[in-house]
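To be precise, the following lines are query.csv, and they hold CSV, C-alpha atoms.
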chain,number,residue,atom,x,y,z
A,1,MET,CA,-25.9,2.3,9.6
A,2,ILE,CA,-26.1,1.2,6.0
A,3,THR,CA,-28.8,-1.3,5.3
A,4,ALA,CA,-30.3,-3.2,2.4
A,5,THR,CA,-33.3,-1.7,0.7
A,6,ALA,CA,-36.8,-2.9,1.8
A,7,VAL,CA,-38.1,-3.4,-1.7
A,8,GLN,CA,-35.6,-6.1,-2.5
A,9,PRO,CA,-35.8,-9.8,-1.4
A,10,HIS,CA,-34.1,-10.3,1.9
A,11,PRO,CA,-30.3,-10.8,1.3
A,12,LEU,CA,-30.3,-14.1,3.2
A,13,THR,CA,-33.1,-15.4,0.8
A,14,MET,CA,-31.0,-14.2,-2.1
A,15,LEU,CA,-27.9,-15.9,-0.8
A,16,MET,CA,-29.7,-19.2,-0.2
A,17,ALA,CA,-31.1,-19.1,-3.7
A,18,ARG,CA,-27.8,-18.2,-5.2
A,19,HIS,CA,-26.2,-21.3,-3.7
A,20,GLY,CA,-29.2,-23.5,-4.4
A,21,LEU,CA,-29.7,-24.3,-0.7
A,22,THR,CA,-32.8,-24.9,1.3
A,23,ALA,CA,-33.2,-23.0,4.6
A,24,ALA,CA,-32.4,-26.2,6.6
A,25,ALA,CA,-29.3,-27.0,4.5
A,26,TYR,CA,-28.0,-23.4,4.8
A,27,LEU,CA,-28.5,-23.3,8.5
A,28,LYS,CA,-26.7,-26.6,8.9
A,29,ARG,CA,-23.6,-25.0,7.2
A,30,VAL,CA,-23.9,-22.0,9.5
A,31,ALA,CA,-24.2,-24.3,12.6
A,32,ASP,CA,-21.1,-26.2,11.5
A,33,ARG,CA,-19.1,-23.0,11.1
A,34,HIS,CA,-20.5,-21.8,14.5
A,35,LEU,CA,-19.1,-24.9,16.1
A,36,ALA,CA,-15.8,-24.7,14.3
A,37,LEU,CA,-15.3,-21.1,15.5
A,38,GLY,CA,-15.6,-22.3,19.1
A,39,PHE,CA,-19.1,-20.8,19.7
A,40,GLY,CA,-20.7,-24.2,20.5
A,41,ALA,CA,-23.7,-25.9,19.1
A,42,MET,CA,-26.4,-24.0,17.3
A,43,ALA,CA,-29.9,-25.1,16.5
A,44,HIS,CA,-30.5,-25.1,12.7
A,45,ARG,CA,-34.2,-25.7,12.2
A,46,LYS,CA,-35.6,-24.0,9.1
A,47,GLU,CA,-38.0,-21.9,11.3
A,48,LYS,CA,-35.0,-19.9,12.4
A,49,ALA,CA,-34.4,-18.6,8.8
A,50,THR,CA,-38.1,-17.5,8.7
A,51,ARG,CA,-37.6,-15.5,11.8
A,52,TRP,CA,-34.5,-13.9,10.4
A,53,THR,CA,-35.9,-13.1,7.0
A,54,ARG,CA,-39.6,-12.4,7.6
A,55,GLU,CA,-40.1,-11.5,11.2
A,56,GLY,CA,-37.3,-9.0,11.6
A,57,VAL,CA,-35.3,-11.0,14.2
A,58,THR,CA,-31.6,-10.3,14.3
A,59,PRO,CA,-29.4,-13.4,14.8
A,60,GLU,CA,-27.2,-13.6,17.9
A,61,ARG,CA,-23.7,-12.1,17.7
A,62,SER,CA,-22.1,-15.5,17.4
A,63,ALA,CA,-24.4,-16.5,14.6
A,64,LEU,CA,-23.7,-13.3,12.8
A,65,LEU,CA,-20.0,-14.0,13.0
A,66,ALA,CA,-20.5,-17.6,11.8
A,67,ILE,CA,-22.5,-16.4,8.8
A,68,ALA,CA,-19.8,-13.8,8.0
A,69,SER,CA,-17.0,-16.4,8.3
A,70,LEU,CA,-18.9,-18.8,6.1
A,71,HIS,CA,-18.9,-16.1,3.3
A,72,GLY,CA,-15.5,-14.7,3.8
A,73,ILE,CA,-16.8,-11.3,5.2
A,74,ASP,CA,-14.6,-9.3,7.6
A,75,ALA,CA,-15.9,-9.3,11.1
A,76,ALA,CA,-15.5,-5.5,11.1
A,77,ASP,CA,-18.0,-5.2,8.3
A,78,VAL,CA,-20.6,-7.1,10.3
A,79,ASP,CA,-20.6,-4.1,12.7
A,80,ARG,CA,-20.2,-1.5,10.0
A,81,PHE,CA,-23.1,-2.6,7.8
A,82,GLY,CA,-25.2,-4.4,10.3
A,83,TRP,CA,-27.8,-7.1,9.8
A,84,PRO,CA,-28.8,-7.9,7.1
A,85,GLY,CA,-26.8,-5.4,5.1
A,86,PHE,CA,-23.4,-7.1,5.4
A,87,LEU,CA,-24.8,-10.1,3.6
A,88,LEU,CA,-24.8,-8.1,0.3
A,89,LEU,CA,-21.0,-8.3,0.4
A,90,ALA,CA,-21.4,-12.1,-0.2
A,91,LEU,CA,-23.4,-11.7,-3.4
A,92,ASP,CA,-21.5,-12.5,-6.6
A,93,ASP,CA,-22.8,-9.5,-8.6
A,94,ASP,CA,-19.6,-7.6,-8.2
A,95,ARG,CA,-17.1,-10.5,-8.5
A,96,THR,CA,-15.8,-9.4,-12.0
A,97,VAL,CA,-15.0,-5.9,-10.8
A,98,LEU,CA,-13.6,-7.0,-7.5
A,99,GLU,CA,-11.6,-10.1,-8.5
A,100,SER,CA,-10.5,-9.7,-12.1
A,101,PRO,CA,-6.7,-9.6,-12.5
A,102,TRP,CA,-5.1,-6.1,-12.7
A,103,THR,CA,-4.1,-6.7,-16.4
A,104,ALA,CA,-5.3,-5.1,-19.6
A,105,ALA,CA,-7.7,-8.0,-20.1
A,106,GLY,CA,-8.9,-7.9,-16.5
A,107,THR,CA,-9.6,-4.2,-16.9
A,108,VAL,CA,-11.6,-4.7,-20.1
A,109,ASN,CA,-13.7,-7.4,-18.3
A,110,SER,CA,-14.4,-4.9,-15.5
A,111,LEU,CA,-15.3,-2.1,-17.9
A,112,THR,CA,-17.6,-4.4,-19.7
A,113,GLU,CA,-19.3,-5.4,-16.5
A,114,VAL,CA,-19.9,-1.8,-15.2
A,115,GLY,CA,-21.1,-0.8,-18.7
A,116,GLY,CA,-24.0,-3.2,-18.3
A,117,PRO,CA,-27.3,-3.0,-16.4
A,118,VAL,CA,-27.2,-1.0,-13.1
A,119,LYS,CA,-27.3,-3.2,-9.9
A,120,ASP,CA,-29.2,-0.8,-7.7
A,121,ARG,CA,-28.4,-1.2,-4.0
A,122,ARG,CA,-29.0,2.3,-2.8
A,123,GLY,CA,-26.9,3.5,0.2
A,124,PHE,CA,-24.8,0.3,0.2
A,125,LEU,CA,-21.0,0.1,-0.1
A,126,ILE,CA,-19.6,-3.0,-1.9
A,127,ALA,CA,-15.9,-2.5,-0.9
A,128,SER,CA,-14.8,-3.9,2.4
A,129,THR,CA,-11.8,-2.6,4.3
A,130,SER,CA,-9.6,-5.3,2.9
A,131,THR,CA,-10.9,-4.7,-0.6
A,132,LEU,CA,-9.8,-1.0,-0.4
A,133,ALA,CA,-6.3,-1.9,0.7
A,134,ALA,CA,-6.0,-4.6,-2.0
A,135,ALA,CA,-7.2,-2.2,-4.7
A,136,LEU,CA,-4.6,0.4,-3.7
A,137,ALA,CA,-1.8,-2.1,-3.7
A,138,GLN,CA,-2.8,-3.5,-7.1
A,139,TRP,CA,-3.3,-0.1,-8.6
A,140,ILE,CA,0.3,0.8,-8.0
A,141,THR,CA,1.6,-2.4,-9.7
A,142,ALA,CA,-1.1,-2.7,-12.4
A,143,GLU,CA,0.2,-3.9,-15.8
A,144,PRO,CA,0.1,-1.1,-18.4
A,145,ALA,CA,-1.5,-1.4,-21.8
A,146,LEU,CA,0.6,-2.6,-24.7
A,147,ALA,CA,0.2,-2.5,-28.4
A,148,THR,CA,-2.3,-5.0,-29.9
A,149,GLY,CA,-1.9,-7.2,-32.9
A,150,ASP,CA,-3.9,-7.0,-36.1
A,151,ARG,CA,-7.3,-7.5,-34.7
A,152,GLY,CA,-10.2,-5.5,-36.1
A,153,ARG,CA,-9.9,-2.0,-37.5
A,154,ARG,CA,-6.9,0.1,-36.7
A,155,VAL,CA,-7.5,3.2,-34.5
A,156,GLY,CA,-5.1,6.0,-33.7
A,157,ALA,CA,-4.7,9.2,-31.7
A,158,GLU,CA,-7.7,10.8,-33.5
A,159,ALA,CA,-10.2,8.4,-31.9
A,160,ALA,CA,-8.7,9.1,-28.4
A,161,ALA,CA,-8.9,12.8,-29.0
A,162,LEU,CA,-12.6,12.6,-29.9
A,163,PHE,CA,-13.3,10.8,-26.7
A,164,ASP,CA,-11.4,13.6,-24.8
A,165,VAL,CA,-13.7,16.2,-26.4
A,166,ARG,CA,-16.9,14.3,-25.7
A,167,LEU,CA,-16.0,13.6,-22.1
A,168,ASP,CA,-15.1,17.3,-21.5
A,169,ALA,CA,-18.6,18.2,-22.7
A,170,LEU,CA,-20.2,15.7,-20.4
A,171,ARG,CA,-18.3,17.1,-17.4
A,172,HIS,CA,-19.7,20.5,-18.1
A,173,LEU,CA,-23.2,19.1,-18.7
A,174,ASP,CA,-23.1,17.6,-15.2
A,175,ASP,CA,-23.2,21.2,-13.9
A,176,THR,CA,-26.5,22.0,-15.8
A,177,VAL,CA,-28.6,18.8,-16.3
A,178,GLY,CA,-29.6,15.9,-14.1
A,179,ALA,CA,-27.2,13.2,-12.9
A,180,GLY,CA,-29.4,10.5,-14.4
A,181,GLN,CA,-29.0,11.9,-17.9
A,182,VAL,CA,-25.3,12.4,-17.6
A,183,TYR,CA,-24.9,8.9,-16.2
A,184,ASP,CA,-26.6,7.4,-19.3
A,185,ALA,CA,-24.3,9.4,-21.6
A,186,ALA,CA,-21.2,8.5,-19.6
A,187,VAL,CA,-22.0,4.8,-19.7
A,188,LEU,CA,-22.6,5.1,-23.5
A,189,GLU,CA,-19.1,6.6,-23.8
A,190,LEU,CA,-17.8,3.8,-21.7
A,191,ARG,CA,-19.3,1.2,-23.9
A,192,LEU,CA,-18.0,2.8,-27.0
A,193,VAL,CA,-14.4,3.0,-25.8
A,194,THR,CA,-14.6,-0.5,-24.3
A,195,ASP,CA,-15.7,-1.8,-27.7
A,196,LEU,CA,-12.6,-0.3,-29.2
A,197,LEU,CA,-10.4,-1.7,-26.5
A,198,LYS,CA,-11.8,-5.2,-27.1
A,199,ASN,CA,-12.1,-5.3,-30.9
A,200,ALA,CA,-9.7,-2.8,-32.5
A,201,SER,CA,-6.0,-2.7,-32.9
A,202,TYR,CA,-3.9,0.3,-31.7
A,203,SER,CA,-0.4,1.3,-30.6
A,204,GLU,CA,0.7,1.3,-27.0
A,205,ALA,CA,0.3,5.1,-26.8
A,206,THR,CA,-3.2,5.1,-28.2
A,207,GLY,CA,-4.2,2.1,-26.0
A,208,ARG,CA,-3.2,4.0,-22.9
A,209,ARG,CA,-5.2,7.1,-24.0
A,210,LEU,CA,-8.2,4.9,-24.7
A,211,PHE,CA,-7.9,3.3,-21.2
A,212,ALA,CA,-7.6,6.8,-19.8
A,213,SER,CA,-10.8,7.8,-21.5
A,214,ALA,CA,-12.5,4.7,-20.1
A,215,ALA,CA,-11.3,5.6,-16.6
A,216,GLU,CA,-12.7,9.1,-16.9
A,217,ALA,CA,-16.0,7.9,-18.3
A,218,SER,CA,-16.4,5.3,-15.5
A,219,ARG,CA,-15.4,7.9,-12.9
A,220,LEU,CA,-18.0,10.3,-14.2
A,221,ALA,CA,-20.6,7.5,-14.2
A,222,GLY,CA,-19.6,6.7,-10.6
A,223,TRP,CA,-20.0,10.3,-9.5
A,224,CYS,CA,-23.5,10.5,-11.1
A,225,SER,CA,-24.4,7.3,-9.4
A,226,TYR,CA,-23.3,8.7,-6.0
A,227,ASP,CA,-25.3,11.9,-6.7
A,228,GLU,CA,-28.4,9.7,-7.1
A,229,GLY,CA,-27.7,7.8,-3.9
A,230,ARG,CA,-26.7,4.6,-5.7
A,231,HIS,CA,-23.5,3.9,-3.7
A,232,ALA,CA,-23.0,0.3,-4.8
A,233,ALA,CA,-23.1,1.3,-8.5
A,234,ALA,CA,-20.8,4.2,-7.7
A,235,GLU,CA,-18.2,2.0,-6.1
A,236,ARG,CA,-18.3,-0.4,-9.0
A,237,HIS,CA,-17.6,2.4,-11.4
A,238,PHE,CA,-14.8,3.9,-9.2
A,239,LEU,CA,-13.1,0.6,-8.9
A,240,ALA,CA,-13.3,0.0,-12.7
A,241,SER,CA,-12.0,3.6,-13.2
A,242,LEU,CA,-9.1,2.9,-10.9
A,243,ARG,CA,-8.2,-0.2,-12.8
A,244,ALA,CA,-8.4,1.6,-16.1
A,245,SER,CA,-6.1,4.4,-14.8
A,246,GLY,CA,-3.6,1.8,-13.8
A,247,THR,CA,-3.7,0.2,-17.2
A,248,ALA,CA,-3.4,3.6,-18.8
A,249,HIS,CA,-0.3,4.1,-16.5
A,250,ASP,CA,-1.7,7.5,-15.4
A,251,PRO,CA,-1.3,8.0,-11.7
A,252,THR,CA,-2.8,11.5,-11.8
A,253,LEU,CA,-6.0,10.2,-13.3
A,254,GLY,CA,-6.1,7.4,-10.7
A,255,ALA,CA,-5.7,10.0,-8.0
A,256,VAL,CA,-8.7,11.9,-9.3
A,257,THR,CA,-10.8,8.7,-9.0
A,258,LEU,CA,-9.5,8.1,-5.5
A,259,ALA,CA,-10.5,11.6,-4.5
A,260,PHE,CA,-14.1,11.2,-5.7
A,261,TRP,CA,-14.3,7.7,-4.2
A,262,ALA,CA,-13.0,9.1,-0.8
A,263,ASN,CA,-15.8,11.7,-0.9
A,264,LEU,CA,-18.3,8.9,-1.2
A,265,ARG,CA,-16.8,6.9,1.7
A,266,TYR,CA,-16.6,9.7,4.3
A,267,ASN,CA,-20.1,10.9,3.5
A,268,ALA,CA,-21.3,7.3,3.9
A,269,GLY,CA,-19.8,7.2,7.4
A,270,ASP,CA,-16.4,5.6,6.6
A,271,ALA,CA,-14.0,8.5,7.2
A,272,ARG,CA,-11.1,6.0,7.9
A,273,GLY,CA,-11.7,4.2,4.6
A,274,ALA,CA,-11.7,7.6,2.9
A,275,LEU,CA,-8.4,8.5,4.5
A,276,ASN,CA,-6.9,5.2,3.4
A,277,LEU,CA,-7.8,5.9,-0.2
A,278,LEU,CA,-6.4,9.5,0.0
A,279,ASP,CA,-3.2,8.3,1.7
A,280,GLY,CA,-2.8,5.8,-1.2
A,281,ALA,CA,-3.3,8.5,-3.8
A,282,LEU,CA,-0.7,10.8,-2.0
A,283,ALA,CA,1.8,8.1,-1.3
A,284,ASP,CA,4.0,9.2,-4.2
A,285,ARG,CA,2.6,12.7,-4.9
A,286,ARG,CA,5.5,13.5,-7.2
A,287,LYS,CA,3.8,11.3,-9.8
A,288,ILE,CA,0.7,13.5,-9.7
A,289,SER,CA,1.3,16.0,-12.5
A,290,SER,CA,-1.5,18.3,-11.6
A,291,PRO,CA,-1.2,20.8,-8.6
A,292,ARG,CA,-5.0,21.1,-8.6
A,293,VAL,CA,-5.4,17.4,-8.1
A,294,ARG,CA,-2.9,17.4,-5.2
A,295,ALA,CA,-4.9,20.4,-3.7
A,296,MET,CA,-8.1,18.4,-4.1
A,297,LEU,CA,-6.7,15.4,-2.4
A,298,HIS,CA,-5.5,17.4,0.6
A,299,ALA,CA,-8.8,19.3,0.8
A,300,ARG,CA,-10.7,16.0,0.9
A,301,ALA,CA,-8.3,14.6,3.4
A,302,ALA,CA,-9.1,17.6,5.6
A,303,ARG,CA,-12.8,16.8,5.3
A,304,ALA,CA,-12.2,13.2,6.2
A,305,HIS,CA,-10.1,14.1,9.2
A,306,SER,CA,-12.8,16.5,10.3
A,307,LYS,CA,-15.5,13.8,10.0
A,308,ALA,CA,-13.2,11.5,12.0
A,309,GLY,CA,-13.0,14.0,14.8
A,310,GLU,CA,-9.4,15.0,14.2
A,311,PRO,CA,-9.3,18.8,13.8
A,312,LEU,CA,-5.5,19.2,14.1
A,313,ALA,CA,-4.9,16.8,11.2
A,314,ALA,CA,-7.7,18.5,9.3
A,315,TRP,CA,-6.1,21.9,9.6
A,316,ARG,CA,-2.7,20.5,8.5
A,317,GLN,CA,-4.4,19.1,5.3
A,318,VAL,CA,-6.0,22.5,4.7
A,319,ASP,CA,-2.6,24.2,4.8
A,320,ALA,CA,-1.2,21.5,2.4
A,321,ALA,CA,-4.1,22.1,0.0
A,322,PHE,CA,-3.3,25.8,-0.2
A,323,ASP,CA,0.4,25.0,-0.6
A,324,ALA,CA,-0.4,22.7,-3.5
A,325,TYR,CA,-2.8,25.1,-5.1
A,326,ALA,CA,-0.1,27.9,-5.0
A,327,GLN,CA,1.9,25.8,-7.5
A,328,ALA,CA,-1.0,25.8,-10.0
A,329,ASP,CA,-0.7,27.9,-13.2
A,330,VAL,CA,-3.6,29.0,-15.4
A,331,PRO,CA,-6.3,26.4,-15.9
A,332,GLU,CA,-5.2,25.7,-19.4
A,333,ALA,CA,-2.0,24.3,-18.0
A,334,ASP,CA,-3.8,21.7,-15.9
A,335,LEU,CA,-6.2,18.8,-16.4
A,336,ALA,CA,-9.3,19.8,-18.2
A,337,SER,CA,-11.4,18.0,-15.6
A,338,MET,CA,-10.0,20.2,-12.8
A,339,TYR,CA,-11.6,23.4,-14.2
A,340,TRP,CA,-13.8,23.8,-11.1
A,341,ILE,CA,-11.0,23.9,-8.6
A,342,ASN,CA,-10.1,27.5,-7.7
A,343,HIS,CA,-8.7,29.3,-4.6
A,344,GLY,CA,-12.1,30.0,-3.2

What would the structure in this file look like if it were written as structure tokens?
Amino acid sequence: MITATAVQPHPLTMLMARHGLTAAAYLKRVADRHLALGFGAMAHRKEKATRWTREGVTPERSALLAIASLHGIDAADVDRFGWPGFLLLALDDDRTVLESPWTAAGTVNSLTEVGGPVKDRRGFLIASTSTLAAALAQWITAEPALATGDRGRRVGAEAAALFDVRLDALRHLDDTVGAGQVYDAAVLELRLVTDLLKNASYSEATGRRLFASAAEASRLAGWCSYDEGRHAAAERHFLASLRASGTAHDPTLGAVTLAFWANLRYNAGDARGALNLLDGALADRRKISSPRVRAMLHARAARAHSKAGEPLAAWRQVDAAFDAYAQADVPEADLASMYWINHG
């Protein structure tokens, strides 16, 4: 079970403070929702909040469902994250990344948010089942980047090419130095490219390349976060990366992000969520230009099916992975980021 960390304030305390409510006022809202859901009357003395937050008492099932309903949390996530972990889904820290429109402006807002201070909730996943489904649907229909007007300095293909070189170096550094150092460097790249996206002018082609660079920088930062056990930060980066790949109109790059995101989900105990992400990436595999990316997606689908206890489906995905890899040419003909995928 995924839980909140012990060193932080109790999530219920954080929620009450966020909404400016006393314990008695908050419990009154929970009791009203409890009654509206057909669970009957519920006592709402403030001492109950003390038992929940300080004495380790878990609310009754009906109270948990009333609290979840009050904050718009899926009932399934109450079971998946447990008490008090599921309350973290109600905190507003991730609202920009989760709720910004899937437009170029919304993508820039999300990239700005994930380029800021790390919100460290180790071992916790921020994306509910419904969030994953919505992200996949919106990724497919995301508005692509367009040319900008005469704002700021003009940048061209040379700037985008420099980011490609720097990101390639970071990918290889990830093999030899610590994830924390590469994370800091990836976030710096993300801030640099986001600054250009916000303040410079560029053509449609250059804009899409810059958004692609932002997607790769955020994906790399997400992978480093995952490597350090910071799952919430990783998911924020992966979602921002997926947004940027949609704005870049680059389904192959988005598929790479979904593959890494799926790896996080099945290793965090959500094999079905991982399969949903991989199915979304493979829904129109003809748009994925890289055979190695297709092979990676099938290989990770095999792992997810295995973790879900579905060996036959896993072996089918293994066969599909080798079939996809058989179409790969020399590494130079594929994505630079896929250098590590080989037959072995």

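Residues lying within 7 Å of region 191-200 of chain A, counting only C-alpha atoms and ignoring same-chain neighbours fewer than 5 positions away, are Val108, Leu111, Thr112, Gly115, Arg151, Gly152, Arg153, Arg154, Val155, Leu210 and Ala214 of chain A.
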
Quick one: which region 204-267 of chain A residues come within 10 Å of region 166-190 of chain A, and what is the nearest atom pair for each with the distance in Å to one decimal, counting only C-alpha atoms, rows ordered by chain and ascending number, as JSON lines?
{"residue": "A:Phe211", "atom": "CA", "partner": "A:Leu190", "partner_atom": "CA", "distance": 9.9}
{"residue": "A:Ser213", "atom": "CA", "partner": "A:Leu167", "partner_atom": "CA", "distance": 7.8}
{"residue": "A:Ala214", "atom": "CA", "partner": "A:Leu190", "partner_atom": "CA", "distance": 5.6}
{"residue": "A:Ala215", "atom": "CA", "partner": "A:Leu190", "partner_atom": "CA", "distance": 8.5}
{"residue": "A:Glu216", "atom": "CA", "partner": "A:Leu167", "partner_atom": "CA", "distance": 7.6}
{"residue": "A:Ala217", "atom": "CA", "partner": "A:Ala186", "partner_atom": "CA", "distance": 5.4}
{"residue": "A:Ser218", "atom": "CA", "partner": "A:Leu190", "partner_atom": "CA", "distance": 6.5}
{"residue": "A:Arg219", "atom": "CA", "partner": "A:Ala186", "partner_atom": "CA", "distance": 8.9}
{"residue": "A:Leu220", "atom": "CA", "partner": "A:Ala186", "partner_atom": "CA", "distance": 6.5}
{"residue": "A:Ala221", "atom": "CA", "partner": "A:Tyr183", "partner_atom": "CA", "distance": 4.9}
{"residue": "A:Gly222", "atom": "CA", "partner": "A:Tyr183", "partner_atom": "CA", "distance": 8.0}
{"residue": "A:Trp223", "atom": "CA", "partner": "A:Tyr183", "partner_atom": "CA", "distance": 8.4}
{"residue": "A:Cys224", "atom": "CA", "partner": "A:Ala179", "partner_atom": "CA", "distance": 4.9}
{"residue": "A:Ser225", "atom": "CA", "partner": "A:Tyr183", "partner_atom": "CA", "distance": 7.0}
{"residue": "A:Tyr226", "atom": "CA", "partner": "A:Ala179", "partner_atom": "CA", "distance": 9.1}
{"residue": "A:Asp227", "atom": "CA", "partner": "A:Ala179", "partner_atom": "CA", "distance": 6.6}
{"residue": "A:Glu228", "atom": "CA", "partner": "A:Ala179", "partner_atom": "CA", "distance": 6.9}
{"residue": "A:His237", "atom": "CA", "partner": "A:Val187", "partner_atom": "CA", "distance": 9.7}

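One finds CA of Gly106 (chain A) at 28.6 Å from CA of Phe81 (chain A).
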
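The interatomic distance for the pair CA of His298 (chain A) and CA of Glu143 (chain A) works out to 27.5 Å.
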
Practice prompt. Counting all atoms listed in the file, find the residues whose atoms lie at most 10 Å from (-30.9, -20.1, 4.0) (file coordinates) and write them out as a list in words.
Written response: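 I get Pro11, Leu12, Thr13, Met14, Leu15, Met16, Ala17, Arg18, His19, Gly20, Leu21, Thr22, Ala23, Ala24, Ala25, Tyr26, Leu27, Lys28, Arg29, Val30, Lys46, Lys48, Ala49, Thr50, Trp52 and Thr53 of chain A for the residues within 10 Å of that point.
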
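CA of Val293 (chain A) is positioned 29.2 Å from CA of Tyr202 (chain A).
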
Worksheet item: From the set A:Ala262, A:Ile67, A:Leu37, A:Val97, which residue has the shortest atom-to-atom contact distance to Pro84 (chain A), counting only C-alpha atoms?
Response: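 For Pro84 (chain A), the nearest of the given residues is A:Ile67.
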
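Between Val318 (chain A) and the residues A:Arg45, A:Asp79, A:Ala336, A:Ala299, the shortest atom-to-atom distance, using all atoms listed in the file, involves A:Ala299.
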
Item to complete: Determine, counting all atoms listed in the file, every residue of protein, DNA or RNA that lies within 12 Å of (-8.0, 16.5, 7.8) in the file coordinates, then give the result as number ranges by chain.
Response: A: 266, 271-272, 274-275, 278-279, 297-321

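In this comparison, which uses all atoms listed in the file, the residue of A:Ala105, A:Leu258, A:Met296, A:Ala76 approaching Phe322 (chain A) most closely is A:Met296.
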
Discussion item. Which residue is closest to Asn109 (chain A)? Choose from A:Ile140, A:Ala75, A:Ala232, A:Ala240 and count only C-alpha atoms.
Written reply: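 Closest to Asn109 (chain A), using only C-alpha atoms: A:Ala240.
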
Fill in: Using all atoms listed in the file: which of A:Gly56, A:Phe86, A:Ala134, A:Ala281 has the shortest distance to Glu99 (chain A)
A:Ala134
